[in-house]
file structure.cif (mmCIF, N, CA and C atoms)
data_run
#
loop_
_atom_site.label_atom_id
_atom_site.label_comp_id
_atom_site.auth_asym_id
_atom_site.auth_seq_id
_atom_site.Cartn_x
_atom_site.Cartn_y
_atom_site.Cartn_z
N MET A 23 97.39 18.71 122.57
CA MET A 23 98.15 18.96 121.37
C MET A 23 97.21 19.54 120.33
N THR A 24 97.63 20.64 119.75
CA THR A 24 96.82 21.31 118.76
C THR A 24 97.62 21.40 117.47
N SER A 25 96.95 21.18 116.36
CA SER A 25 97.65 21.33 115.09
C SER A 25 96.78 22.08 114.11
N PRO A 26 97.29 23.21 113.63
CA PRO A 26 96.59 23.86 112.53
C PRO A 26 97.05 23.19 111.26
N ASP A 27 96.15 22.83 110.41
CA ASP A 27 96.56 22.25 109.14
C ASP A 27 95.50 22.56 108.11
N ASP A 28 95.83 22.30 106.90
CA ASP A 28 94.89 22.52 105.81
C ASP A 28 94.41 21.18 105.31
N ASP A 29 93.14 21.11 104.90
CA ASP A 29 92.65 19.87 104.33
C ASP A 29 93.13 19.77 102.89
N THR A 30 92.68 18.77 102.19
CA THR A 30 93.18 18.55 100.84
C THR A 30 92.82 19.69 99.88
N ASP A 31 91.82 20.50 100.21
CA ASP A 31 91.44 21.64 99.38
C ASP A 31 92.18 22.91 99.78
N GLY A 32 93.08 22.82 100.76
CA GLY A 32 93.82 23.99 101.22
C GLY A 32 93.05 24.88 102.16
N ARG A 33 91.87 24.44 102.62
CA ARG A 33 91.08 25.23 103.56
C ARG A 33 91.61 25.01 104.98
N PRO A 34 91.57 26.06 105.80
CA PRO A 34 92.11 25.92 107.16
C PRO A 34 91.28 24.98 108.02
N ARG A 35 91.96 24.35 108.96
CA ARG A 35 91.32 23.49 109.94
C ARG A 35 92.21 23.42 111.16
N VAL A 36 91.62 23.15 112.30
CA VAL A 36 92.36 23.01 113.54
C VAL A 36 91.94 21.69 114.17
N THR A 37 92.91 20.92 114.61
CA THR A 37 92.63 19.66 115.28
C THR A 37 93.23 19.70 116.68
N VAL A 38 92.43 19.33 117.66
CA VAL A 38 92.85 19.24 119.06
C VAL A 38 92.85 17.77 119.42
N ARG A 39 93.99 17.27 119.86
CA ARG A 39 94.09 15.87 120.28
C ARG A 39 94.38 15.80 121.77
N CYS A 40 93.79 14.84 122.41
CA CYS A 40 94.00 14.62 123.84
C CYS A 40 95.43 14.13 124.06
N GLN A 41 96.13 14.75 125.00
CA GLN A 41 97.51 14.32 125.26
C GLN A 41 97.55 12.94 125.91
N ASP A 42 96.45 12.52 126.56
CA ASP A 42 96.41 11.21 127.20
C ASP A 42 96.04 10.09 126.23
N ASN A 43 95.33 10.43 125.15
CA ASN A 43 94.90 9.44 124.17
C ASN A 43 94.70 10.16 122.84
N VAL A 44 95.68 10.08 121.94
CA VAL A 44 95.64 10.86 120.70
C VAL A 44 94.54 10.41 119.74
N SER A 45 93.86 9.31 120.03
CA SER A 45 92.74 8.91 119.18
C SER A 45 91.47 9.69 119.54
N VAL A 46 91.52 10.49 120.60
CA VAL A 46 90.40 11.34 121.00
C VAL A 46 90.72 12.76 120.55
N GLY A 47 89.80 13.36 119.80
CA GLY A 47 90.08 14.71 119.33
C GLY A 47 88.86 15.43 118.80
N VAL A 48 89.12 16.71 118.48
CA VAL A 48 88.10 17.61 117.95
C VAL A 48 88.72 18.32 116.76
N THR A 49 87.97 18.45 115.68
CA THR A 49 88.44 19.16 114.49
C THR A 49 87.45 20.25 114.12
N PHE A 50 87.98 21.45 113.88
CA PHE A 50 87.23 22.58 113.35
C PHE A 50 87.59 22.68 111.88
N CYS A 51 86.60 22.70 111.00
CA CYS A 51 86.90 22.71 109.57
C CYS A 51 85.74 23.32 108.78
N ASP A 52 85.94 23.41 107.47
CA ASP A 52 84.89 23.84 106.53
C ASP A 52 84.28 25.19 106.89
N ARG A 53 85.14 26.16 107.19
CA ARG A 53 84.68 27.52 107.55
C ARG A 53 84.14 28.23 106.31
N PHE A 54 83.03 28.94 106.49
CA PHE A 54 82.51 29.80 105.42
C PHE A 54 81.72 30.93 106.06
N SER A 55 81.41 31.94 105.28
CA SER A 55 80.68 33.09 105.80
C SER A 55 79.74 33.63 104.74
N PHE A 56 78.53 34.01 105.18
CA PHE A 56 77.55 34.63 104.30
C PHE A 56 77.64 36.15 104.35
N ASP A 57 78.11 36.68 105.49
CA ASP A 57 78.11 38.12 105.70
C ASP A 57 79.20 38.48 106.71
N ALA A 58 79.31 39.74 107.05
CA ALA A 58 80.34 40.21 107.98
C ALA A 58 79.98 39.96 109.44
N ASP A 59 78.76 39.50 109.71
CA ASP A 59 78.31 39.32 111.09
C ASP A 59 78.54 37.93 111.67
N SER A 60 78.88 36.97 110.82
CA SER A 60 79.00 35.61 111.34
C SER A 60 80.00 34.78 110.55
N VAL A 61 80.46 33.73 111.20
CA VAL A 61 81.30 32.72 110.56
C VAL A 61 80.65 31.38 110.85
N HIS A 62 80.53 30.55 109.84
CA HIS A 62 79.95 29.22 109.97
C HIS A 62 81.08 28.20 109.80
N TYR A 63 81.01 27.11 110.55
CA TYR A 63 82.05 26.10 110.44
C TYR A 63 81.51 24.76 110.93
N ALA A 64 82.25 23.70 110.62
CA ALA A 64 81.88 22.36 111.07
C ALA A 64 82.78 21.98 112.25
N VAL A 65 82.22 21.16 113.14
CA VAL A 65 82.98 20.61 114.26
C VAL A 65 82.78 19.10 114.23
N GLU A 66 83.90 18.39 114.33
CA GLU A 66 83.86 16.93 114.32
C GLU A 66 84.54 16.39 115.57
N LEU A 67 83.86 15.49 116.28
CA LEU A 67 84.41 14.82 117.45
C LEU A 67 84.82 13.41 117.04
N ARG A 68 85.97 12.96 117.56
CA ARG A 68 86.42 11.60 117.28
C ARG A 68 86.92 10.95 118.56
N ALA A 69 86.59 9.69 118.70
CA ALA A 69 87.08 8.84 119.78
C ALA A 69 86.91 7.41 119.30
N PRO A 70 87.55 6.45 119.93
CA PRO A 70 87.35 5.07 119.50
C PRO A 70 85.86 4.71 119.47
N GLY A 71 85.37 4.32 118.32
CA GLY A 71 83.97 3.97 118.14
C GLY A 71 83.03 5.14 117.94
N LEU A 72 83.57 6.38 117.83
CA LEU A 72 82.70 7.55 117.71
C LEU A 72 83.24 8.52 116.66
N ILE A 73 82.38 8.92 115.77
CA ILE A 73 82.61 10.08 114.90
C ILE A 73 81.29 10.83 114.89
N ALA A 74 81.31 12.08 115.37
CA ALA A 74 80.10 12.91 115.40
C ALA A 74 80.45 14.25 114.78
N ARG A 75 79.55 14.78 113.98
CA ARG A 75 79.83 16.03 113.26
C ARG A 75 78.59 16.90 113.18
N VAL A 76 78.80 18.18 113.41
CA VAL A 76 77.77 19.19 113.15
C VAL A 76 78.33 20.06 112.04
N ASN A 77 77.59 20.20 110.96
CA ASN A 77 78.10 20.87 109.77
C ASN A 77 78.02 22.38 109.81
N GLU A 78 77.15 22.93 110.64
CA GLU A 78 77.01 24.39 110.60
C GLU A 78 76.86 25.00 111.99
N VAL A 79 77.99 25.12 112.67
CA VAL A 79 78.06 25.86 113.92
C VAL A 79 78.25 27.32 113.53
N VAL A 80 77.61 28.24 114.25
CA VAL A 80 77.68 29.65 113.88
C VAL A 80 78.35 30.46 114.99
N ALA A 81 79.35 31.26 114.60
CA ALA A 81 79.98 32.21 115.51
C ALA A 81 79.56 33.60 115.08
N TRP A 82 78.92 34.34 115.99
CA TRP A 82 78.47 35.70 115.71
C TRP A 82 79.50 36.70 116.22
N ILE A 83 79.76 37.76 115.48
CA ILE A 83 80.78 38.73 115.89
C ILE A 83 80.39 39.47 117.17
N TRP A 84 79.11 39.58 117.47
CA TRP A 84 78.65 40.29 118.65
C TRP A 84 78.58 39.40 119.88
N ASP A 85 78.86 38.13 119.72
CA ASP A 85 78.73 37.17 120.80
C ASP A 85 80.09 36.92 121.45
N SER A 86 80.09 36.48 122.69
CA SER A 86 81.33 36.05 123.34
C SER A 86 81.76 34.76 122.66
N ASP A 87 82.88 34.80 121.97
CA ASP A 87 83.23 33.66 121.14
C ASP A 87 84.12 32.65 121.86
N LEU A 88 84.32 31.53 121.21
CA LEU A 88 85.13 30.45 121.74
C LEU A 88 86.56 30.90 122.00
N THR A 89 87.09 31.75 121.14
CA THR A 89 88.46 32.23 121.30
C THR A 89 88.61 32.97 122.63
N THR A 90 87.69 33.84 122.96
CA THR A 90 87.74 34.59 124.21
C THR A 90 87.72 33.64 125.41
N PHE A 91 86.89 32.63 125.36
CA PHE A 91 86.81 31.63 126.42
C PHE A 91 88.15 30.90 126.58
N LEU A 92 88.71 30.43 125.47
CA LEU A 92 89.98 29.70 125.53
C LEU A 92 91.13 30.59 126.00
N GLU A 93 91.15 31.84 125.55
CA GLU A 93 92.19 32.77 125.99
C GLU A 93 92.11 33.03 127.49
N ALA A 94 90.90 33.14 128.03
CA ALA A 94 90.73 33.34 129.47
C ALA A 94 91.23 32.12 130.25
N LEU A 95 90.96 30.92 129.73
CA LEU A 95 91.47 29.72 130.38
C LEU A 95 93.00 29.70 130.36
N ALA A 96 93.58 30.05 129.22
CA ALA A 96 95.04 30.06 129.10
C ALA A 96 95.66 31.08 130.04
N ALA A 97 95.00 32.21 130.23
CA ALA A 97 95.52 33.25 131.12
C ALA A 97 95.52 32.78 132.58
N ASP A 98 94.63 31.85 132.92
CA ASP A 98 94.56 31.31 134.28
C ASP A 98 95.30 29.98 134.38
N TYR A 99 96.48 29.90 133.78
CA TYR A 99 97.23 28.65 133.70
C TYR A 99 97.62 28.08 135.07
N ARG A 100 97.53 28.89 136.12
CA ARG A 100 97.84 28.39 137.47
C ARG A 100 96.67 27.62 138.08
N GLY A 101 95.51 27.70 137.42
CA GLY A 101 94.39 26.89 137.85
C GLY A 101 93.21 27.67 138.39
N TRP A 102 92.12 26.96 138.61
CA TRP A 102 90.88 27.51 139.14
C TRP A 102 90.09 26.37 139.78
N ASP A 103 89.12 26.73 140.54
CA ASP A 103 88.24 25.75 141.18
C ASP A 103 86.97 25.60 140.35
N GLY A 104 86.42 24.41 140.35
CA GLY A 104 85.15 24.18 139.68
C GLY A 104 85.27 24.05 138.18
N GLU A 105 84.12 24.22 137.54
CA GLU A 105 84.02 24.07 136.09
C GLU A 105 83.69 25.41 135.45
N ARG A 106 84.31 25.68 134.33
CA ARG A 106 83.97 26.85 133.52
C ARG A 106 83.35 26.34 132.23
N SER A 107 82.40 27.11 131.70
CA SER A 107 81.74 26.62 130.49
C SER A 107 81.43 27.75 129.52
N TRP A 108 81.22 27.36 128.28
CA TRP A 108 80.91 28.25 127.17
C TRP A 108 80.03 27.47 126.20
N GLN A 109 79.16 28.19 125.48
CA GLN A 109 78.38 27.54 124.43
C GLN A 109 78.05 28.55 123.34
N THR A 110 77.77 28.05 122.16
CA THR A 110 77.35 28.93 121.08
C THR A 110 75.96 29.47 121.40
N ASN A 111 75.59 30.52 120.72
CA ASN A 111 74.27 31.11 120.90
C ASN A 111 73.16 30.09 120.62
N ASP A 112 73.37 29.22 119.65
CA ASP A 112 72.40 28.19 119.29
C ASP A 112 72.50 26.95 120.19
N ARG A 113 73.51 26.90 121.05
CA ARG A 113 73.76 25.81 121.98
C ARG A 113 74.08 24.48 121.31
N ASP A 114 74.50 24.50 120.05
CA ASP A 114 74.84 23.24 119.39
C ASP A 114 76.28 22.80 119.66
N LEU A 115 77.12 23.73 120.13
CA LEU A 115 78.47 23.40 120.58
C LEU A 115 78.65 23.99 121.97
N ALA A 116 79.08 23.16 122.90
CA ALA A 116 79.37 23.62 124.26
C ALA A 116 80.72 23.06 124.67
N VAL A 117 81.44 23.85 125.48
CA VAL A 117 82.74 23.42 126.00
C VAL A 117 82.75 23.69 127.50
N SER A 118 83.17 22.70 128.26
CA SER A 118 83.37 22.91 129.69
C SER A 118 84.83 22.59 130.00
N ALA A 119 85.36 23.29 131.00
CA ALA A 119 86.77 23.13 131.34
C ALA A 119 86.94 22.92 132.83
N VAL A 120 87.80 21.98 133.18
CA VAL A 120 88.18 21.75 134.57
C VAL A 120 89.70 21.72 134.65
N PHE A 121 90.21 22.13 135.79
CA PHE A 121 91.65 22.14 136.03
C PHE A 121 91.98 21.01 136.98
N ARG A 122 93.02 20.26 136.67
CA ARG A 122 93.43 19.21 137.59
C ARG A 122 94.88 19.44 138.00
N SER A 123 95.24 18.83 139.11
CA SER A 123 96.60 19.01 139.61
C SER A 123 97.61 18.58 138.54
N GLY A 124 98.76 19.17 138.58
CA GLY A 124 99.77 18.89 137.57
C GLY A 124 99.70 19.84 136.40
N GLY A 125 98.79 20.81 136.45
CA GLY A 125 98.73 21.82 135.41
C GLY A 125 98.08 21.38 134.12
N HIS A 126 97.05 20.56 134.21
CA HIS A 126 96.34 20.10 133.02
C HIS A 126 94.89 20.55 133.04
N VAL A 127 94.36 20.81 131.85
CA VAL A 127 92.98 21.25 131.69
C VAL A 127 92.24 20.22 130.86
N GLY A 128 91.09 19.80 131.38
CA GLY A 128 90.21 18.91 130.64
C GLY A 128 89.14 19.74 129.96
N LEU A 129 89.09 19.66 128.65
CA LEU A 129 88.07 20.36 127.86
C LEU A 129 87.09 19.31 127.35
N THR A 130 85.84 19.41 127.79
CA THR A 130 84.80 18.51 127.30
C THR A 130 84.03 19.25 126.22
N TRP A 131 84.10 18.72 125.02
CA TRP A 131 83.48 19.30 123.82
C TRP A 131 82.19 18.54 123.58
N ALA A 132 81.06 19.22 123.59
CA ALA A 132 79.76 18.57 123.42
C ALA A 132 79.04 19.13 122.20
N LEU A 133 78.56 18.25 121.36
CA LEU A 133 77.73 18.62 120.21
C LEU A 133 76.30 18.18 120.51
N ARG A 134 75.37 19.12 120.34
CA ARG A 134 73.94 18.82 120.56
C ARG A 134 73.11 19.59 119.55
N PRO A 135 73.12 19.16 118.30
CA PRO A 135 72.31 19.88 117.31
C PRO A 135 70.82 19.58 117.48
N TRP A 136 70.02 20.49 117.02
CA TRP A 136 68.57 20.32 116.99
C TRP A 136 68.02 19.97 118.36
N LEU A 137 68.37 20.76 119.37
CA LEU A 137 67.95 20.47 120.73
C LEU A 137 66.43 20.34 120.87
N GLN A 138 65.69 21.13 120.14
CA GLN A 138 64.23 21.14 120.28
C GLN A 138 63.53 20.17 119.34
N ALA A 139 64.26 19.57 118.41
CA ALA A 139 63.63 18.72 117.40
C ALA A 139 63.58 17.26 117.86
N ALA A 140 62.57 16.56 117.41
CA ALA A 140 62.51 15.12 117.65
C ALA A 140 63.68 14.48 116.91
N GLY A 141 64.29 13.51 117.52
CA GLY A 141 65.41 12.84 116.88
C GLY A 141 66.74 13.55 117.10
N GLY A 142 66.75 14.56 117.98
CA GLY A 142 68.00 15.23 118.29
C GLY A 142 68.98 14.26 118.94
N TRP A 143 70.22 14.59 118.91
CA TRP A 143 71.24 13.71 119.47
C TRP A 143 72.33 14.55 120.14
N GLY A 144 73.20 13.91 120.88
CA GLY A 144 74.30 14.59 121.51
C GLY A 144 75.50 13.66 121.60
N ALA A 145 76.67 14.24 121.59
CA ALA A 145 77.91 13.47 121.73
C ALA A 145 78.95 14.38 122.35
N SER A 146 79.88 13.79 123.10
CA SER A 146 80.94 14.60 123.70
C SER A 146 82.23 13.78 123.82
N VAL A 147 83.34 14.50 123.82
CA VAL A 147 84.65 13.92 124.09
C VAL A 147 85.39 14.89 125.00
N THR A 148 86.37 14.37 125.73
CA THR A 148 87.19 15.22 126.59
C THR A 148 88.64 15.13 126.14
N THR A 149 89.23 16.29 125.92
CA THR A 149 90.65 16.37 125.59
C THR A 149 91.38 16.99 126.77
N TRP A 150 92.53 16.43 127.10
CA TRP A 150 93.37 16.97 128.18
C TRP A 150 94.58 17.64 127.57
N LEU A 151 94.84 18.88 127.99
CA LEU A 151 95.96 19.68 127.49
C LEU A 151 96.72 20.27 128.67
N GLU A 152 97.96 20.67 128.41
CA GLU A 152 98.70 21.44 129.41
C GLU A 152 98.06 22.80 129.53
N ALA A 153 97.95 23.30 130.75
CA ALA A 153 97.28 24.56 131.01
C ALA A 153 98.01 25.75 130.38
N GLY A 154 99.30 25.67 130.20
CA GLY A 154 100.07 26.80 129.69
C GLY A 154 100.12 26.87 128.18
N GLU A 155 101.23 26.41 127.63
CA GLU A 155 101.50 26.56 126.19
C GLU A 155 100.49 25.85 125.29
N GLN A 156 100.09 24.66 125.65
CA GLN A 156 99.15 23.94 124.78
C GLN A 156 97.81 24.64 124.70
N LEU A 157 97.33 25.14 125.82
CA LEU A 157 96.04 25.85 125.82
C LEU A 157 96.15 27.19 125.11
N ALA A 158 97.26 27.91 125.32
CA ALA A 158 97.48 29.18 124.63
C ALA A 158 97.59 28.95 123.12
N SER A 159 98.26 27.88 122.72
CA SER A 159 98.38 27.55 121.31
C SER A 159 97.01 27.23 120.70
N LEU A 160 96.20 26.47 121.43
CA LEU A 160 94.84 26.17 120.96
C LEU A 160 94.06 27.45 120.74
N ALA A 161 94.10 28.37 121.71
CA ALA A 161 93.37 29.63 121.58
C ALA A 161 93.82 30.40 120.35
N ALA A 162 95.13 30.45 120.11
CA ALA A 162 95.66 31.18 118.95
C ALA A 162 95.23 30.52 117.64
N HIS A 163 95.28 29.20 117.59
CA HIS A 163 94.89 28.50 116.36
C HIS A 163 93.39 28.61 116.08
N VAL A 164 92.56 28.58 117.13
CA VAL A 164 91.12 28.76 116.93
C VAL A 164 90.84 30.18 116.48
N ARG A 165 91.53 31.16 117.06
CA ARG A 165 91.35 32.55 116.62
C ARG A 165 91.69 32.68 115.12
N HIS A 166 92.80 32.11 114.73
CA HIS A 166 93.19 32.14 113.31
C HIS A 166 92.14 31.46 112.44
N PHE A 167 91.65 30.32 112.88
CA PHE A 167 90.63 29.61 112.11
C PHE A 167 89.37 30.44 111.94
N LEU A 168 88.89 31.04 113.04
CA LEU A 168 87.64 31.78 112.99
C LEU A 168 87.75 33.14 112.30
N THR A 169 88.90 33.80 112.43
CA THR A 169 89.04 35.16 111.91
C THR A 169 89.96 35.30 110.72
N GLY A 170 90.83 34.33 110.52
CA GLY A 170 91.83 34.46 109.46
C GLY A 170 93.07 35.20 109.91
N GLU A 171 93.08 35.70 111.20
CA GLU A 171 94.27 36.37 111.74
C GLU A 171 95.36 35.36 111.98
N GLN A 172 96.59 35.74 111.78
CA GLN A 172 97.72 34.84 112.01
C GLN A 172 97.92 34.60 113.50
N PRO A 173 98.25 33.35 113.87
CA PRO A 173 98.49 33.04 115.29
C PRO A 173 99.81 33.63 115.77
#

call {"tool": "encode", "arguments": {"input": "structure.cif", "output": "structure tokens"}}
result
Amino acid sequence: MTSPDDDTDGRPRVTVRCQDNVSVGVTFCDRFSFDADSVHYAVELRAPGLIARVNEVVAWIWDSDLTTFLEALAADYRGWDGERSWQTNDRDLAVSAVFRSGGHVGLTWALRPWLQAAGGWGASVTTWLEAGEQLASLAAHVRHFLTGEQP
């Protein structure tokens, strides 16, 4: 389940909730940009007993972005074998996808900021969505969040 919504300041945000457990989710929020080459945003993971946030994930216009990855998954709604994965250029956000019988996709969202620094940390959650409409809706909402284009 995906919901585009605005926070209390009216800024766009997208929340993805697991259809199996709605207390597990991922939120994209606090988008900003310094220039025409990149978009910066925060990603927050939530699950019972867990709240993890990276404040500055960067999407570069020249890079294969998250939207392209999600759209390709949605286009393969009949399924695939194995795991597909994507990560930001800085590797602080990674997503892996698996298809299970019944037409559902498990998206594991992993945050790993400061991979090379002492004291680095990592956290992940898995959201399960329908391979068809729910995944296509997520791709459209993430595209809107990152680019400002209407879904």

call {"tool": "closest_residue", "arguments": {"input": "structure.cif", "among": "A:Arg122, A:Arg165, A:Arg68, A:His62", "to": "Leu88 (chain A)", "atoms": "only N, CA and C atoms"}}
result
A:Arg165

call {"tool": "select_by_dssp", "arguments": {"input": "structure.cif", "residues": "chain A", "states": "alpha helix (DSSP H)", "output": "number ranges by chain"}}
result
A: 88-97, 155-169

call {"tool": "write_last_selection", "arguments": {"input": "structure.cif", "atoms": "N, CA and C atoms", "output": "PDB file, in the coordinates of the input"}}
result
ATOM      1  N   LEU A  88      84.320  31.530 121.210  1.00  0.00           N
ATOM      2  CA  LEU A  88      85.130  30.450 121.740  1.00  0.00           C
ATOM      3  C   LEU A  88      86.560  30.900 122.000  1.00  0.00           C
ATOM      4  N   THR A  89      87.090  31.750 121.140  1.00  0.00           N
ATOM      5  CA  THR A  89      88.460  32.230 121.300  1.00  0.00           C
ATOM      6  C   THR A  89      88.610  32.970 122.630  1.00  0.00           C
ATOM      7  N   THR A  90      87.690  33.840 122.960  1.00  0.00           N
ATOM      8  CA  THR A  90      87.740  34.590 124.210  1.00  0.00           C
ATOM      9  C   THR A  90      87.720  33.640 125.410  1.00  0.00           C
ATOM     10  N   PHE A  91      86.890  32.630 125.360  1.00  0.00           N
ATOM     11  CA  PHE A  91      86.810  31.630 126.420  1.00  0.00           C
ATOM     12  C   PHE A  91      88.150  30.900 126.580  1.00  0.00           C
ATOM     13  N   LEU A  92      88.710  30.430 125.470  1.00  0.00           N
ATOM     14  CA  LEU A  92      89.980  29.700 125.530  1.00  0.00           C
ATOM     15  C   LEU A  92      91.130  30.590 126.000  1.00  0.00           C
ATOM     16  N   GLU A  93      91.150  31.840 125.550  1.00  0.00           N
ATOM     17  CA  GLU A  93      92.190  32.770 125.990  1.00  0.00           C
ATOM     18  C   GLU A  93      92.110  33.030 127.490  1.00  0.00           C
ATOM     19  N   ALA A  94      90.900  33.140 128.030  1.00  0.00           N
ATOM     20  CA  ALA A  94      90.730  33.340 129.470  1.00  0.00           C
ATOM     21  C   ALA A  94      91.230  32.120 130.250  1.00  0.00           C
ATOM     22  N   LEU A  95      90.960  30.920 129.730  1.00  0.00           N
ATOM     23  CA  LEU A  95      91.470  29.720 130.380  1.00  0.00           C
ATOM     24  C   LEU A  95      93.000  29.700 130.360  1.00  0.00           C
ATOM     25  N   ALA A  96      93.580  30.050 129.220  1.00  0.00           N
ATOM     26  CA  ALA A  96      95.040  30.060 129.100  1.00  0.00           C
ATOM     27  C   ALA A  96      95.660  31.080 130.040  1.00  0.00           C
ATOM     28  N   ALA A  97      95.000  32.210 130.230  1.00  0.00           N
ATOM     29  CA  ALA A  97      95.520  33.250 131.120  1.00  0.00           C
ATOM     30  C   ALA A  97      95.520  32.780 132.580  1.00  0.00           C
ATOM     31  N   GLU A 155     101.230  26.410 127.630  1.00  0.00           N
ATOM     32  CA  GLU A 155     101.500  26.560 126.190  1.00  0.00           C
ATOM     33  C   GLU A 155     100.490  25.850 125.290  1.00  0.00           C
ATOM     34  N   GLN A 156     100.090  24.660 125.650  1.00  0.00           N
ATOM     35  CA  GLN A 156      99.150  23.940 124.780  1.00  0.00           C
ATOM     36  C   GLN A 156      97.810  24.640 124.700  1.00  0.00           C
ATOM     37  N   LEU A 157      97.330  25.140 125.820  1.00  0.00           N
ATOM     38  CA  LEU A 157      96.040  25.850 125.820  1.00  0.00           C
ATOM     39  C   LEU A 157      96.150  27.190 125.110  1.00  0.00           C
ATOM     40  N   ALA A 158      97.260  27.910 125.320  1.00  0.00           N
ATOM     41  CA  ALA A 158      97.480  29.180 124.630  1.00  0.00           C
ATOM     42  C   ALA A 158      97.590  28.950 123.120  1.00  0.00           C
ATOM     43  N   SER A 159      98.260  27.880 122.720  1.00  0.00           N
ATOM     44  CA  SER A 159      98.380  27.550 121.310  1.00  0.00           C
ATOM     45  C   SER A 159      97.010  27.230 120.700  1.00  0.00           C
ATOM     46  N   LEU A 160      96.200  26.470 121.430  1.00  0.00           N
ATOM     47  CA  LEU A 160      94.840  26.170 120.960  1.00  0.00           C
ATOM     48  C   LEU A 160      94.060  27.450 120.740  1.00  0.00           C
ATOM     49  N   ALA A 161      94.100  28.370 121.710  1.00  0.00           N
ATOM     50  CA  ALA A 161      93.370  29.630 121.580  1.00  0.00           C
ATOM     51  C   ALA A 161      93.820  30.400 120.350  1.00  0.00           C
ATOM     52  N   ALA A 162      95.130  30.450 120.110  1.00  0.00           N
ATOM     53  CA  ALA A 162      95.660  31.180 118.950  1.00  0.00           C
ATOM     54  C   ALA A 162      95.230  30.520 117.640  1.00  0.00           C
ATOM     55  N   HIS A 163      95.280  29.200 117.590  1.00  0.00           N
ATOM     56  CA  HIS A 163      94.890  28.500 116.360  1.00  0.00           C
ATOM     57  C   HIS A 163      93.390  28.610 116.080  1.00  0.00           C
ATOM     58  N   VAL A 164      92.560  28.580 117.130  1.00  0.00           N
ATOM     59  CA  VAL A 164      91.120  28.760 116.930  1.00  0.00           C
ATOM     60  C   VAL A 164      90.840  30.180 116.480  1.00  0.00           C
ATOM     61  N   ARG A 165      91.530  31.160 117.060  1.00  0.00           N
ATOM     62  CA  ARG A 165      91.350  32.550 116.620  1.00  0.00           C
ATOM     63  C   ARG A 165      91.690  32.680 115.120  1.00  0.00           C
ATOM     64  N   HIS A 166      92.800  32.110 114.730  1.00  0.00           N
ATOM     65  CA  HIS A 166      93.190  32.140 113.310  1.00  0.00           C
ATOM     66  C   HIS A 166      92.140  31.460 112.440  1.00  0.00           C
ATOM     67  N   PHE A 167      91.650  30.320 112.880  1.00  0.00           N
ATOM     68  CA  PHE A 167      90.630  29.610 112.110  1.00  0.00           C
ATOM     69  C   PHE A 167      89.370  30.440 111.940  1.00  0.00           C
ATOM     70  N   LEU A 168      88.890  31.040 113.040  1.00  0.00           N
ATOM     71  CA  LEU A 168      87.640  31.780 112.990  1.00  0.00           C
ATOM     72  C   LEU A 168      87.750  33.140 112.300  1.00  0.00           C
ATOM     73  N   THR A 169      88.900  33.800 112.430  1.00  0.00           N
ATOM     74  CA  THR A 169      89.040  35.160 111.910  1.00  0.00           C
ATOM     75  C   THR A 169      89.960  35.300 110.720  1.00  0.00           C
TER      76      THR A 169
END

call {"tool": "residues_around", "arguments": {"input": "structure.cif", "residues": "region 93-108 of chain A", "least_positions_apart": "6", "cutoff": "6.5 Å", "atoms": "all atoms listed in the file", "output": "PyMOL selection string"}}
result
chain A and resi 115-121+125+153-154+157-158+161

call {"tool": "resolve_selection", "arguments": {"input": "structure.cif", "expression": "the PyMOL selection byres ((chain A and resi 144) around 8)", "output": "list in words"}}
result
Ala74, Ala132, Leu133, Arg134, Pro135, Gly141, Gly142, Trp143, Ala145 and Ser146 of chain A

call {"tool": "closest_residue", "arguments": {"input": "structure.cif", "among": "A:Ala162, A:Val38, A:Val79, A:Val65", "to": "Phe91 (chain A)", "atoms": "only C-alpha atoms"}}
result
A:Ala162

call {"tool": "atom_distance", "arguments": {"input": "structure.cif", "atom1": "atom N of Val44 (chain A)", "atom2": "atom C of Leu151 (chain A)"}}
result
12.3 Å

call {"tool": "atom_distance", "arguments": {"input": "structure.cif", "atom1": "CA of Val76 (chain A)", "atom2": "CA of Asp112 (chain A)"}}
result
12.1 Å

call {"tool": "residues_around", "arguments": {"input": "structure.cif", "residues": "Leu67 (chain A)", "least_positions_apart": "6", "cutoff": "5 Å", "atoms": "all atoms listed in the file", "output": "list in words"}}
result
Gly47, Val48, Ile73, Ala74 and Arg75 of chain A

call {"tool": "select_by_dssp", "arguments": {"input": "structure.cif", "residues": "chain A", "states": "strand (DSSP E or B)", "output": "MDAnalysis selection string"}}
result
chainID A and resid 24:28 34:39 47:54 60:69 72:82 105:109 115:122 126:133 145:152

call {"tool": "atom_distance", "arguments": {"input": "structure.cif", "atom1": "atom N of Trp131 (chain A)", "atom2": "CA of Thr149 (chain A)"}}
result
7.0 Å

call {"tool": "closest_residue", "arguments": {"input": "structure.cif", "among": "A:Leu160, A:Gln109, A:Trp136, A:Val80", "to": "Ser60 (chain A)", "atoms": "all atoms listed in the file"}}
result
A:Val80

call {"tool": "closest_residue", "arguments": {"input": "structure.cif", "among": "A:Leu92, A:Arg35, A:Ile83, A:Arg113", "to": "Ala58 (chain A)", "atoms": "all atoms listed in the file"}}
result
A:Ile83
